[in-house]
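Student: final-v5.cif is the file, holding mmCIF, C-alpha atoms:
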data_model
loop_
_atom_site.label_atom_id
_atom_site.label_comp_id
_atom_site.auth_asym_id
_atom_site.auth_seq_id
_atom_site.Cartn_x
_atom_site.Cartn_y
_atom_site.Cartn_z
CA MET S 3 12.08 1.68 42.52
CA ILE S 4 10.37 3.79 39.90
CA VAL S 5 9.21 1.69 36.98
CA ARG S 6 9.05 4.59 34.54
CA GLU S 7 12.72 5.33 35.11
CA LEU S 8 13.81 1.78 34.29
CA GLU S 9 16.77 2.05 31.92
CA LEU S 10 16.39 -0.10 28.82
CA ASP S 11 19.01 -1.25 26.35
CA LEU S 12 17.17 -2.93 23.48
CA ASP S 13 17.97 -3.28 19.78
CA ALA S 14 15.28 -0.83 18.80
CA PHE S 15 15.50 1.53 21.75
CA GLU S 16 17.87 2.73 24.42
CA GLY S 17 16.72 4.93 27.30
CA PRO S 18 14.19 5.11 30.13
CA PHE S 19 10.95 3.12 30.01
CA ASP S 20 8.68 6.17 30.07
CA LEU S 21 10.40 7.60 27.00
CA LEU S 22 9.75 4.31 25.19
CA LEU S 23 6.07 4.51 26.17
CA THR S 24 5.89 8.10 24.95
CA LEU S 25 7.51 7.25 21.63
CA VAL S 26 5.19 4.29 21.14
CA LEU S 27 2.10 6.38 21.93
CA LYS S 28 3.28 9.10 19.54
CA GLU S 29 3.82 6.35 16.96
CA GLU S 30 7.41 7.44 16.53
CA LEU S 31 8.62 3.97 17.45
CA GLU S 32 7.31 0.81 15.82
CA LEU S 33 6.04 -1.42 18.59
CA ARG S 34 6.70 -4.40 16.35
CA GLU S 35 10.39 -3.66 16.64
CA VAL S 36 10.31 -3.49 20.44
CA ASP S 37 11.51 -6.57 22.25
CA VAL S 38 9.02 -6.89 25.13
CA ALA S 39 10.92 -9.85 26.58
CA GLY S 40 13.95 -7.58 26.82
CA ILE S 41 11.95 -5.07 28.89
CA VAL S 42 10.72 -7.80 31.22
CA LEU S 43 14.26 -9.06 31.69
CA ALA S 44 15.60 -5.61 32.40
CA PHE S 45 12.89 -5.14 35.03
CA LEU S 46 13.55 -8.51 36.63
CA GLU S 47 17.27 -7.86 36.77
CA ARG S 48 16.69 -4.47 38.32
CA LEU S 49 14.21 -5.98 40.79
CA SER S 50 16.69 -8.63 41.88
CA ASP S 51 19.19 -5.90 42.80
CA ALA S 52 17.01 -4.85 45.74
CA ASP S 53 16.77 -6.88 48.95
CA GLN S 54 13.04 -6.36 49.38
CA LEU S 55 10.47 -7.28 46.75
CA ASP S 56 8.95 -3.99 45.60
CA LEU S 57 5.29 -4.97 45.19
CA ASP S 58 4.15 -1.51 44.08
CA ALA S 59 6.70 -1.50 41.31
CA CYS S 60 5.69 -5.02 40.30
CA GLY S 61 2.05 -4.04 40.07
CA GLU S 62 2.74 -0.93 38.05
CA PHE S 63 5.08 -2.82 35.77
CA LEU S 64 2.55 -5.60 35.17
CA VAL S 65 -0.11 -3.09 34.15
CA LEU S 66 2.22 -1.24 31.78
CA ILE S 67 3.81 -4.30 30.23
CA SER S 68 0.49 -6.08 29.66
CA ALA S 69 -0.92 -2.98 27.96
CA LEU S 70 2.18 -2.79 25.79
CA LEU S 71 1.90 -6.48 24.96
CA GLU S 72 -1.75 -6.13 24.00
CA LEU S 73 -0.93 -3.13 21.80
CA LYS S 74 1.83 -5.09 20.15
CA ALA S 75 -0.40 -8.13 19.57
CA ARG S 76 -3.12 -5.94 18.08
CA GLY S 77 -0.55 -4.18 15.93
CA LEU S 78 0.65 -7.47 14.54
CA PHE S 79 -2.79 -8.64 13.53
CA PRO S 80 -4.83 -5.53 12.76
CA GLU S 81 -7.28 -7.11 10.35
CA GLU S 82 -7.85 -10.28 12.25
CA ALA S 83 -8.23 -8.84 15.73
CA ALA S 84 -11.98 -9.41 15.57
CA GLU S 85 -11.49 -12.91 14.22
CA LEU S 86 -9.17 -13.72 17.09
CA LEU S 87 -11.64 -12.38 19.63
CA GLU S 88 -14.14 -15.00 18.57
CA LEU S 89 -11.75 -17.81 19.45
CA GLU S 90 -11.48 -19.47 22.84
CA PRO S 91 -8.73 -17.78 24.90
CA GLU S 92 -6.45 -20.85 24.74
CA VAL S 93 -6.87 -21.22 20.99
CA ALA S 94 -6.39 -17.51 20.44
CA ALA S 95 -3.23 -17.55 22.55
CA GLU S 96 -1.91 -20.50 20.55
CA GLU S 97 -2.74 -18.78 17.28
CA LEU S 98 -1.03 -15.60 18.45
CA ALA S 99 2.04 -17.52 19.55
CA ARG S 100 2.14 -19.39 16.24
CA ARG S 101 1.97 -16.18 14.24
CA LEU S 102 4.44 -14.38 16.47
CA ALA S 103 6.84 -17.28 15.95
CA GLU S 104 6.26 -17.08 12.19
CA TYR S 105 6.94 -13.36 12.17
CA ARG S 106 9.99 -13.94 14.36
CA ARG S 107 11.35 -16.50 11.93
CA MET S 108 10.89 -14.09 9.03
CA LYS S 109 12.53 -11.31 11.02
CA ASP S 110 15.47 -13.62 11.68
CA ALA S 111 15.55 -14.45 7.98
CA ALA S 112 15.59 -10.73 7.15
CA GLY S 113 18.49 -10.35 9.56
CA TRP S 114 20.31 -13.17 7.81
CA LEU S 115 19.71 -11.51 4.44
CA ARG S 116 21.09 -8.23 5.79
CA ASP S 117 24.24 -9.95 7.06
CA ARG S 118 24.57 -11.81 3.79
CA LEU S 119 24.27 -8.57 1.86
CA ALA S 120 27.06 -7.08 3.96
CA SER S 121 29.36 -10.10 3.48
CA GLU S 122 28.60 -10.43 -0.24
CA GLY S 123 28.72 -6.69 -0.88
CA ASP S 124 32.07 -6.98 -2.62
CA ARG S 125 30.73 -9.25 -5.37
CA PHE S 126 30.47 -7.35 -8.64
CA PHE S 127 29.07 -8.91 -11.78
CA ARG S 128 27.72 -7.87 -15.10
CA LEU S 129 24.03 -7.07 -15.04
CA GLY S 130 22.14 -7.19 -18.27
CA PRO S 131 18.48 -6.54 -18.82
CA ALA S 132 18.05 -10.17 -17.86
CA PRO S 133 16.69 -11.50 -21.16
CA LEU S 134 16.65 -15.03 -19.83
CA GLN S 135 14.45 -14.18 -16.90
CA PRO S 136 11.16 -16.02 -17.34
CA LYS S 137 8.08 -13.85 -17.58
CA ALA S 138 5.11 -15.01 -15.61
CA GLU S 139 2.17 -15.53 -17.89
CA GLN S 140 -1.21 -14.27 -16.87
CA PRO S 141 -3.66 -15.97 -19.17
CA LEU S 142 -7.25 -14.78 -19.11
CA ALA S 143 -9.78 -17.42 -18.23
CA PRO S 144 -11.61 -18.67 -21.37
CA GLN S 145 -14.35 -16.20 -22.32
CA GLU S 146 -17.59 -16.74 -24.25
CA PRO S 147 -18.12 -14.30 -27.14
CA GLU S 148 -21.88 -14.20 -26.49
CA LYS S 149 -21.34 -13.16 -22.89
CA LEU S 150 -19.02 -10.40 -24.06
CA ALA S 151 -21.67 -9.21 -26.56
CA THR S 152 -24.29 -9.15 -23.80
CA VAL S 153 -22.05 -7.06 -21.60
CA ILE S 154 -21.29 -4.60 -24.41
CA ARG S 155 -25.01 -4.39 -25.19
CA LEU S 156 -25.66 -3.48 -21.57
CA LEU S 157 -23.12 -0.70 -21.82
CA ALA S 158 -24.53 0.54 -25.14
CA LYS S 159 -28.04 1.08 -23.70
CA GLU S 160 -29.69 4.47 -24.36
CA PRO S 161 -29.43 6.63 -21.29
CA ALA S 162 -32.71 7.47 -19.54
CA GLN S 163 -34.49 10.66 -20.72
CA VAL S 164 -33.61 13.58 -18.52
CA SER S 165 -36.72 15.30 -17.15
CA LEU S 166 -37.15 18.93 -18.25
CA ALA S 167 -40.43 19.42 -16.37
CA HIS S 168 -38.96 22.04 -14.08
CA MET S 169 -38.05 24.17 -17.08
CA ALA S 170 -41.74 24.42 -18.24
CA LEU S 171 -42.45 27.16 -15.68
CA ARG S 172 -42.99 30.24 -17.82
CA PHE S 173 -43.59 33.71 -16.56
CA PRO S 174 -45.69 35.96 -18.79
CA PRO S 175 -44.30 39.51 -18.94
CA VAL S 176 -45.65 41.92 -16.36
CA SER S 177 -46.36 44.42 -19.15
CA GLN S 178 -48.98 42.06 -20.58
CA PHE S 179 -51.12 42.42 -17.46
CA VAL S 180 -50.38 46.13 -17.15
CA GLU S 181 -51.90 46.59 -20.60
CA ARG S 182 -54.78 44.28 -19.78
CA PHE S 183 -55.65 46.18 -16.59
CA ARG S 184 -55.47 49.50 -18.42
CA ALA S 185 -57.84 48.14 -21.06
CA VAL S 186 -60.27 46.92 -18.42
CA LEU S 187 -60.13 50.23 -16.60
CA LYS S 188 -60.94 52.07 -19.83
CA ARG S 189 -64.23 50.19 -19.98
CA ARG S 190 -65.00 50.19 -16.27
CA ASN S 191 -64.00 52.46 -13.42
CA ARG S 192 -63.20 49.59 -11.07
CA PHE S 193 -62.95 45.84 -11.06
CA ASP S 194 -62.45 42.93 -8.73
CA PHE S 195 -58.98 41.29 -8.97
CA ASP S 196 -60.20 37.74 -8.24
CA GLN S 197 -63.11 37.94 -10.62
CA GLU S 198 -61.01 39.28 -13.47
CA LEU S 199 -58.22 36.70 -13.09
CA GLY S 200 -60.06 33.76 -11.55
CA GLY S 201 -59.34 31.31 -14.38
CA LEU S 202 -55.58 31.90 -14.55
CA SER S 203 -52.77 29.77 -13.16
CA ARG S 204 -51.00 30.64 -9.92
CA VAL S 205 -47.93 31.88 -11.78
CA GLU S 206 -50.05 34.14 -14.01
CA GLN S 207 -51.97 35.43 -11.01
CA ALA S 208 -48.67 36.27 -9.31
CA VAL S 209 -47.48 38.21 -12.35
CA ALA S 210 -50.85 39.97 -12.54
CA PHE S 211 -50.43 40.94 -8.89
CA LEU S 212 -47.04 42.47 -9.75
CA ALA S 213 -48.67 44.35 -12.65
CA MET S 214 -51.27 45.71 -10.24
CA LEU S 215 -48.54 46.95 -7.89
CA GLU S 216 -46.76 48.49 -10.87
CA LEU S 217 -49.87 50.45 -11.81
CA ARG S 218 -50.26 51.53 -8.21
CA ARG S 219 -46.66 52.77 -8.17
CA ASN S 220 -47.36 54.83 -11.29
CA GLY S 221 -50.36 56.28 -9.53
CA GLU S 222 -52.74 54.96 -12.20
CA VAL S 223 -54.85 52.85 -9.83
CA ALA S 224 -56.01 52.70 -6.24
CA ILE S 225 -56.25 49.41 -4.41
CA GLU S 226 -58.68 48.53 -1.69
CA GLN S 227 -59.12 45.46 0.43
CA ALA S 228 -61.65 45.49 3.23
CA ALA S 229 -59.95 42.80 5.28
CA PRO S 230 -57.18 40.20 4.86
CA PHE S 231 -58.22 37.68 2.18
CA ALA S 232 -61.18 39.84 1.23
CA PRO S 233 -61.61 40.61 -2.50
CA ILE S 234 -59.11 43.14 -3.85
CA ARG S 235 -60.75 45.98 -5.68
CA ILE S 236 -58.87 48.06 -8.21
CA SER S 237 -60.14 51.42 -9.38
CA ARG S 238 -58.92 54.19 -11.64
CA THR S 239 -57.37 57.05 -9.70
CA ASP S 240 -58.66 59.75 -12.05
CA VAL S 241 -62.22 58.53 -11.37
CA GLU S 242 -61.56 58.62 -7.62
CA ARG S 243 -60.12 62.10 -7.97
CA GLU S 244 -63.17 63.10 -9.94
CA ASP S 245 -65.40 61.62 -7.24
CA SER S 246 -63.60 63.41 -4.44
CA TRP S 247 -63.53 66.58 -6.42
CA THR S 248 -67.28 66.20 -7.03
CA LEU S 249 -67.85 65.49 -3.38
CA ARG S 250 -65.72 68.39 -2.24
CA SER S 251 -67.29 70.73 -4.77
CA ALA S 252 -70.73 69.63 -3.82
CA MET R 25 55.18 -16.46 -37.06
CA ASP R 26 51.81 -18.21 -37.40
CA ALA R 27 52.11 -20.79 -34.65
CA PRO R 28 51.63 -19.55 -31.06
CA LEU R 29 54.72 -19.59 -28.90
CA ARG R 30 52.92 -20.92 -25.84
CA LEU R 31 52.63 -24.68 -25.42
CA ILE R 32 49.04 -25.76 -25.82
CA THR R 33 47.91 -28.18 -23.10
CA SER R 34 46.88 -31.52 -24.38
CA ASN R 35 43.62 -31.66 -22.38
CA PRO R 36 40.93 -32.83 -24.80
CA LEU R 37 38.40 -30.59 -23.06
CA ASP R 38 40.38 -27.46 -23.70
CA GLN R 39 38.51 -26.51 -26.84
CA LEU R 40 35.16 -26.93 -25.04
CA ALA R 41 36.45 -24.96 -22.04
CA ARG R 42 37.31 -22.05 -24.33
CA THR R 43 33.84 -22.16 -25.87
CA ILE R 44 32.31 -22.11 -22.40
CA GLU R 45 34.44 -19.12 -21.45
CA ALA R 46 33.18 -17.32 -24.52
CA LEU R 47 29.55 -18.12 -23.75
CA LEU R 48 29.91 -16.93 -20.14
CA VAL R 49 31.52 -13.69 -21.24
CA VAL R 50 28.62 -12.94 -23.55
CA ALA R 51 25.90 -13.91 -21.07
CA SER R 52 24.34 -11.29 -18.77
CA ALA R 53 22.79 -13.89 -16.48
CA PRO R 54 24.03 -17.23 -15.12
CA LEU R 55 23.89 -20.09 -17.62
CA SER R 56 22.89 -23.58 -16.58
CA VAL R 57 24.87 -26.65 -17.62
CA GLN R 58 21.97 -27.51 -19.90
CA GLU R 59 22.08 -24.14 -21.63
CA LEU R 60 25.86 -24.30 -22.01
CA ALA R 61 25.64 -27.83 -23.44
CA GLU R 62 23.03 -26.80 -25.97
CA ALA R 63 24.93 -23.71 -27.05
CA ALA R 64 28.27 -25.56 -27.26
CA ASP R 65 26.57 -28.46 -28.97
CA ASP R 66 28.20 -30.90 -26.60
CA ASP R 67 26.97 -33.22 -23.87
CA ALA R 68 26.28 -32.10 -20.31
CA GLU R 69 28.84 -34.35 -18.65
CA ARG R 70 31.68 -33.02 -20.78
CA VAL R 71 30.46 -29.46 -20.13
CA GLU R 72 30.60 -30.09 -16.38
CA ALA R 73 34.12 -31.41 -16.66
CA ALA R 74 35.14 -28.43 -18.81
CA LEU R 75 33.55 -26.09 -16.27
CA GLU R 76 35.91 -27.50 -13.66
CA LEU R 77 38.82 -26.49 -15.87
CA VAL R 78 37.39 -23.00 -16.29
CA ARG R 79 36.68 -22.69 -12.59
CA GLU R 80 40.28 -23.58 -11.79
CA ARG R 81 41.55 -21.01 -14.24
CA TYR R 82 39.20 -18.30 -12.95
CA SER R 83 39.43 -18.44 -9.19
CA GLU R 84 40.10 -15.91 -6.45
CA GLY R 85 43.76 -14.99 -6.34
CA ARG R 86 44.50 -16.35 -9.80
CA SER R 87 42.46 -14.02 -11.94
CA GLY R 88 40.57 -10.76 -11.83
CA ILE R 89 37.58 -12.68 -13.14
CA VAL R 90 36.07 -15.44 -11.00
CA LEU R 91 33.72 -18.19 -12.11
CA GLU R 92 30.98 -18.96 -9.63
CA HIS R 93 28.00 -21.26 -9.35
CA VAL R 94 25.11 -18.96 -8.53
CA ALA R 95 21.35 -18.65 -9.11
CA GLY R 96 21.13 -22.09 -10.63
CA GLY R 97 23.86 -21.51 -13.20
CA TRP R 98 27.41 -20.47 -13.91
CA ALA R 99 28.57 -16.88 -14.26
CA PHE R 100 31.63 -14.71 -14.16
CA ARG R 101 32.05 -12.00 -11.57
CA ALA R 102 34.80 -9.65 -10.52
CA ALA R 103 37.38 -10.95 -8.05
CA ARG R 104 36.85 -9.65 -4.53
CA GLU R 105 40.25 -7.98 -4.50
CA ALA R 106 38.98 -5.70 -7.28
CA ALA R 107 35.76 -4.82 -5.42
CA GLU R 108 36.93 -1.37 -4.35
CA ALA R 109 37.88 -0.41 -7.88
CA CYS R 110 34.56 -1.75 -9.15
CA ALA R 111 32.70 0.22 -6.48
CA ARG R 112 34.29 3.43 -7.71
CA LEU R 113 32.93 2.80 -11.18
CA PHE R 114 29.63 1.00 -10.64
CA GLU R 115 26.49 1.45 -8.59
CA LYS R 116 24.55 -1.37 -6.98
CA PRO R 117 21.02 -0.05 -7.30
CA ALA R 118 19.23 -3.33 -6.67
CA GLN R 119 20.50 -3.76 -3.13
CA ARG R 120 21.22 -0.19 -2.05
CA ASN R 121 19.38 1.02 1.07
CA LEU R 122 17.07 -1.94 1.48
CA SER R 123 14.78 -1.05 4.40
CA GLN R 124 13.89 -3.41 7.22
CA ALA R 125 10.37 -3.71 5.77
CA SER R 126 11.76 -4.61 2.35
CA LEU R 127 14.16 -7.17 3.82
CA GLU R 128 11.38 -8.81 5.83
CA THR R 129 9.15 -8.90 2.77
CA LEU R 130 12.01 -10.31 0.71
CA ALA R 131 12.63 -12.97 3.36
CA ILE R 132 8.95 -13.97 3.33
CA VAL R 133 8.88 -14.23 -0.48
CA ALA R 134 12.17 -16.16 -0.51
CA TYR R 135 11.14 -18.66 2.16
CA LEU R 136 7.41 -19.00 1.57
CA GLY R 137 7.01 -17.89 -2.05
CA PRO R 138 5.26 -17.83 -4.32
CA CYS R 139 3.04 -15.77 -2.03
CA SER R 140 0.64 -12.86 -2.41
CA ARG R 141 0.52 -9.43 -0.79
CA PRO R 142 -2.21 -10.56 1.65
CA ASP R 143 0.00 -13.52 2.66
CA ILE R 144 2.87 -11.13 3.38
CA ALA R 145 0.64 -8.64 5.21
CA ARG R 146 -0.72 -11.46 7.39
CA ILE R 147 2.76 -12.31 8.60
CA ARG R 148 4.10 -8.79 8.97
CA GLY R 149 0.88 -7.25 10.32
CA VAL R 150 1.08 -4.25 8.00
CA SER R 151 0.27 -3.66 4.37
CA ALA R 152 2.95 -5.03 2.06
CA ASP R 153 2.06 -2.82 -0.91
CA SER R 154 4.94 -0.38 -0.84
CA ALA R 155 7.56 -2.98 0.11
CA VAL R 156 6.39 -5.26 -2.73
CA ALA R 157 6.40 -2.37 -5.23
CA ASN R 158 9.89 -1.44 -4.09
CA LEU R 159 11.23 -4.99 -4.49
CA LEU R 160 9.56 -5.35 -7.89
CA GLU R 161 11.22 -2.16 -9.07
CA ARG R 162 14.59 -3.40 -7.88
CA GLY R 163 14.04 -6.66 -9.75
CA LEU R 164 14.47 -8.78 -6.62
CA ILE R 165 10.99 -10.29 -6.88
CA ALA R 166 8.71 -10.95 -9.84
CA GLU R 167 5.13 -11.97 -10.44
CA ALA R 168 4.46 -15.68 -10.42
CA GLY R 169 0.83 -16.25 -11.38
CA ARG R 170 -2.28 -15.75 -9.32
CA ASP R 171 -3.87 -17.45 -6.33
CA ASP R 172 -6.74 -18.77 -8.42
CA PRO R 173 -6.92 -17.31 -11.93
CA SER R 174 -10.59 -18.23 -12.46
CA VAL R 175 -11.75 -15.95 -9.64
CA GLY R 176 -9.18 -13.21 -10.24
CA GLY R 177 -7.12 -14.10 -7.17
CA ALA R 178 -4.26 -12.05 -5.76
CA ILE R 179 -0.99 -11.89 -7.71
CA LYS R 180 1.72 -14.10 -6.28
CA TYR R 181 5.38 -13.23 -6.12
CA ARG R 182 8.64 -15.16 -6.07
CA THR R 183 12.26 -14.11 -5.87
CA THR R 184 14.21 -13.62 -9.12
CA PRO R 185 17.55 -15.09 -10.21
CA LEU R 186 18.91 -11.60 -9.58
CA PHE R 187 18.03 -12.02 -5.90
CA GLU R 188 20.00 -15.26 -5.71
CA ARG R 189 22.88 -13.67 -7.55
CA ILE R 190 23.08 -10.59 -5.36
CA PHE R 191 22.92 -12.66 -2.20
CA GLY R 192 25.40 -15.18 -3.63
CA LEU R 193 23.06 -18.16 -3.42
CA GLU R 194 23.39 -21.21 -5.66
CA SER R 195 19.63 -21.60 -5.36
CA LEU R 196 16.84 -20.89 -2.85
CA SER R 197 17.64 -24.17 -1.13
CA ALA R 198 20.94 -22.58 -0.09
CA LEU R 199 18.98 -20.34 2.31
CA PRO R 200 19.67 -21.37 5.90
CA ARG R 201 17.05 -23.37 7.75
CA LEU R 202 15.18 -21.21 10.21
CA ASP R 203 14.86 -22.59 13.69
CA ASP R 204 11.50 -22.33 15.32
CA VAL R 205 12.84 -20.01 17.96
CA GLY R 206 15.32 -17.25 17.43
CA ALA R 207 18.84 -17.49 18.82
CA ASP R 208 17.99 -14.79 21.35
CA ALA R 209 15.48 -17.11 23.08
CA GLU R 210 18.50 -18.98 24.40
CA GLU R 211 19.98 -15.72 25.67
CA ILE R 212 16.69 -14.73 27.35
CA ARG R 213 16.56 -18.09 29.08
CA GLU R 214 20.10 -17.68 30.37
CA ARG R 215 19.42 -14.20 31.72
CA LEU R 216 16.25 -15.48 33.43
CA HIS R 217 18.23 -18.26 35.07
CA ALA R 218 20.82 -15.77 36.23
CA VAL R 219 18.11 -13.62 37.84
CA ALA R 220 16.54 -16.67 39.49
CA GLU R 221 19.87 -17.82 40.91
CA LYS R 222 20.61 -14.37 42.25
CA ARG R 223 17.27 -14.31 44.07
CA THR R 224 17.59 -17.76 45.58
CA ALA R 225 21.18 -17.16 46.63
#
Would you mind writing the structure in this file as structure tokens?

Tutor:
Amino acid sequence: MIVRELELDLDAFEGPFDLLLTLVLKEELELREVDVAGIVLAFLERLSDADQLDLDACGEFLVLISALLELKARGLFPEEAAELLELEPEVAAEELARRLAEYRRMKDAAGWLRDRLASEGDRFFRLGPAPLQPKAEQPLAPQEPEKLATVIRLLAKEPAQVSLAHMALRFPPVSQFVERFRAVLKRRNRFDFDQELGGLSRVEQAVAFLAMLELRRNGEVAIEQAAPFAPIRISRTDVEREDSWTLRSA
Amino acid sequence: MDAPLRLITSNPLDQLARTIEALLVVASAPLSVQELAEAADDDAERVEAALELVRERYSEGRSGIVLEHVAGGWAFRAAREAAEACARLFEKPAQRNLSQASLETLAIVAYLGPCSRPDIARIRGVSADSAVANLLERGLIAEAGRDDPSVGGAIKYRTTPLFERIFGLESLSALPRLDDVGADAEEIRERLHAVAEKRTA
């Protein structure tokens, strides 16, 4: 006997057992609607048809049906699964049975309502906006005016000052240093970068460095540095040219 | 001719019965004996007796209008023989296409109400939000206070008179008693016995 091929005829499902399992796993069938007792009965009836007790089938069926039952139980009490785990097994079983019975009763009641609706479906009556229907009142608990004022005061508090510190970073124009270097080089033929700009901030030194490169690009200055991190020396190119010319002419 | 041709019955309650008829025709919801007595400015006992007269006059097979005791009061409805004609003209939005989830939620509110959404979810194992919203919209349930107003507890719900009217219930106590075990438990037991007998045979 092949358990998975067991034909079922339940309220919520009709077909082979493995199709039911597939539908449940794909969440296309609500396990809550599945009558597990009906599956057990169908299996037992099928089992009793055979002369020999099929132990393999029994084992496989037990595994499948207990997994299904656990899934169903968990599905019925999703939020309280953890709570139930903390209980002693006997107490948890009792609690589960109690709740299952409660759900069963309500399901029966829903069934009764459905039947009633069908049998009373031919009752027609005038339906107004139900002016006599009582409205449930929802009074606010008594409030203290002072407490209200305190809460409003909390809401009316000045918001904290937003920091603008990051916006204070100002970059002087490169041209400022270009002019400065030209002025220096008018007075002297060469100067030391660090000495000239020693007292300035890092940002200003960076801009000055850009100005130096700018002058170099224009061919106005020559830059020397003996070694990495050694002092940078800047000199006028026309002076250098003069020197070389002098040397060469000499 | 000023005088009516028809013989007027000599029942002393006839005048009151006519007043009650008029009140019930105007009303859009069932009226209790108390309400009828106040409106007719008469005493409750006489109103009850007059209602019997009206009920006799408006009963299935005698009239297209039927008086019924429903949702804690008295109301007129269409006779069942006219249901088909009524169905051609009128919708029944409140009870159309009630899902299984809605019916279960309705059953829980009817039997255990007033109860809150968490109460319903605990029994059904799934969130009751959409089912409750659906039933509220249909007017089958209504709010009925809170669990504990001082701590802002969950809103509780109860069924409405419309629910009782649609399901043809005189009151919620007309709901059938639910046995602890469903009827199919008996059937399961029988099938189990049958299997057992087959095996032992």

Student: Just the number, please: distance in Å from CA of Asp194 in chain S to CA of Ser237 in chain S, one decimal.

Tutor: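 Separating CA of Asp194 in chain S from CA of Ser237 in chain S is a distance of 8.8 Å.
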
Student: Would you translate the PyMOL selection byres ((chain R and resi 184-197) around 7) into the concrete set of residues it matches in this file, as a PDB file with C-alpha atoms, in the frame of the given file?

Tutor:
ATOM      1  CA  ARG S 118      24.570 -11.810   3.790  1.00  0.00           C
ATOM      2  CA  LEU S 119      24.270  -8.570   1.860  1.00  0.00           C
ATOM      3  CA  GLU S 122      28.600 -10.430  -0.240  1.00  0.00           C
TER       4      GLU S 122
ATOM      5  CA  HIS R  93      28.000 -21.260  -9.350  1.00  0.00           C
ATOM      6  CA  VAL R  94      25.110 -18.960  -8.530  1.00  0.00           C
ATOM      7  CA  ALA R  95      21.350 -18.650  -9.110  1.00  0.00           C
ATOM      8  CA  GLY R  96      21.130 -22.090 -10.630  1.00  0.00           C
ATOM      9  CA  GLY R 163      14.040  -6.660  -9.750  1.00  0.00           C
ATOM     10  CA  LEU R 164      14.470  -8.780  -6.620  1.00  0.00           C
ATOM     11  CA  ILE R 165      10.990 -10.290  -6.880  1.00  0.00           C
ATOM     12  CA  ALA R 166       8.710 -10.950  -9.840  1.00  0.00           C
ATOM     13  CA  ARG R 182       8.640 -15.160  -6.070  1.00  0.00           C
ATOM     14  CA  THR R 183      12.260 -14.110  -5.870  1.00  0.00           C
ATOM     15  CA  ALA R 198      20.940 -22.580  -0.090  1.00  0.00           C
ATOM     16  CA  LEU R 199      18.980 -20.340   2.310  1.00  0.00           C
TER      17      LEU R 199
END

Student: Determine the residue set returned by the PyMOL selection byres ((chain S and resi 201-213) around 12) for the present structure, and present it as a PDB file with C-alpha atoms, in the coordinates of the input.

Tutor:
ATOM      1  CA  ALA S 170     -41.740  24.420 -18.240  1.00  0.00           C
ATOM      2  CA  LEU S 171     -42.450  27.160 -15.680  1.00  0.00           C
ATOM      3  CA  ARG S 172     -42.990  30.240 -17.820  1.00  0.00           C
ATOM      4  CA  PHE S 173     -43.590  33.710 -16.560  1.00  0.00           C
ATOM      5  CA  PRO S 174     -45.690  35.960 -18.790  1.00  0.00           C
ATOM      6  CA  PRO S 175     -44.300  39.510 -18.940  1.00  0.00           C
ATOM      7  CA  VAL S 176     -45.650  41.920 -16.360  1.00  0.00           C
ATOM      8  CA  SER S 177     -46.360  44.420 -19.150  1.00  0.00           C
ATOM      9  CA  GLN S 178     -48.980  42.060 -20.580  1.00  0.00           C
ATOM     10  CA  PHE S 179     -51.120  42.420 -17.460  1.00  0.00           C
ATOM     11  CA  VAL S 180     -50.380  46.130 -17.150  1.00  0.00           C
ATOM     12  CA  GLU S 181     -51.900  46.590 -20.600  1.00  0.00           C
ATOM     13  CA  ARG S 182     -54.780  44.280 -19.780  1.00  0.00           C
ATOM     14  CA  PHE S 183     -55.650  46.180 -16.590  1.00  0.00           C
ATOM     15  CA  ARG S 184     -55.470  49.500 -18.420  1.00  0.00           C
ATOM     16  CA  PHE S 195     -58.980  41.290  -8.970  1.00  0.00           C
ATOM     17  CA  ASP S 196     -60.200  37.740  -8.240  1.00  0.00           C
ATOM     18  CA  GLN S 197     -63.110  37.940 -10.620  1.00  0.00           C
ATOM     19  CA  GLU S 198     -61.010  39.280 -13.470  1.00  0.00           C
ATOM     20  CA  LEU S 199     -58.220  36.700 -13.090  1.00  0.00           C
ATOM     21  CA  GLY S 200     -60.060  33.760 -11.550  1.00  0.00           C
ATOM     22  CA  MET S 214     -51.270  45.710 -10.240  1.00  0.00           C
ATOM     23  CA  LEU S 215     -48.540  46.950  -7.890  1.00  0.00           C
ATOM     24  CA  GLU S 216     -46.760  48.490 -10.870  1.00  0.00           C
ATOM     25  CA  LEU S 217     -49.870  50.450 -11.810  1.00  0.00           C
ATOM     26  CA  ARG S 218     -50.260  51.530  -8.210  1.00  0.00           C
ATOM     27  CA  ARG S 219     -46.660  52.770  -8.170  1.00  0.00           C
ATOM     28  CA  ASN S 220     -47.360  54.830 -11.290  1.00  0.00           C
ATOM     29  CA  GLU S 222     -52.740  54.960 -12.200  1.00  0.00           C
ATOM     30  CA  VAL S 223     -54.850  52.850  -9.830  1.00  0.00           C
ATOM     31  CA  ILE S 225     -56.250  49.410  -4.410  1.00  0.00           C
ATOM     32  CA  ILE S 234     -59.110  43.140  -3.850  1.00  0.00           C
ATOM     33  CA  ARG S 235     -60.750  45.980  -5.680  1.00  0.00           C
ATOM     34  CA  ILE S 236     -58.870  48.060  -8.210  1.00  0.00           C
TER      35      ILE S 236
END

Student: One decimal, in Å: what's the spacing between CA of Ser56 in chain R and CA of Ala74 in chain R?

Tutor: 13.4 Å

Student: Quick one: everything within 6 Å of range 6-8 of chain S, counting only C-alpha atoms, minus sequence neighbours fewer than 6 positions away in the same chain. Send it as a list of chain:residue names.

Tutor: S:Pro18, S:Phe19, S:Asp20

Student: Report, as lines of an AutoDock Vina configuration file, the centre and edge lengths in Å (one decimal) of the axis-aligned box enclosing every listed atom of range 220-223 of chain S, padded by 8 Å on each side.

Tutor:
center_x = -51.1
center_y = 54.6
center_z = -10.9
size_x = 23.5
size_y = 19.4
size_z = 18.7
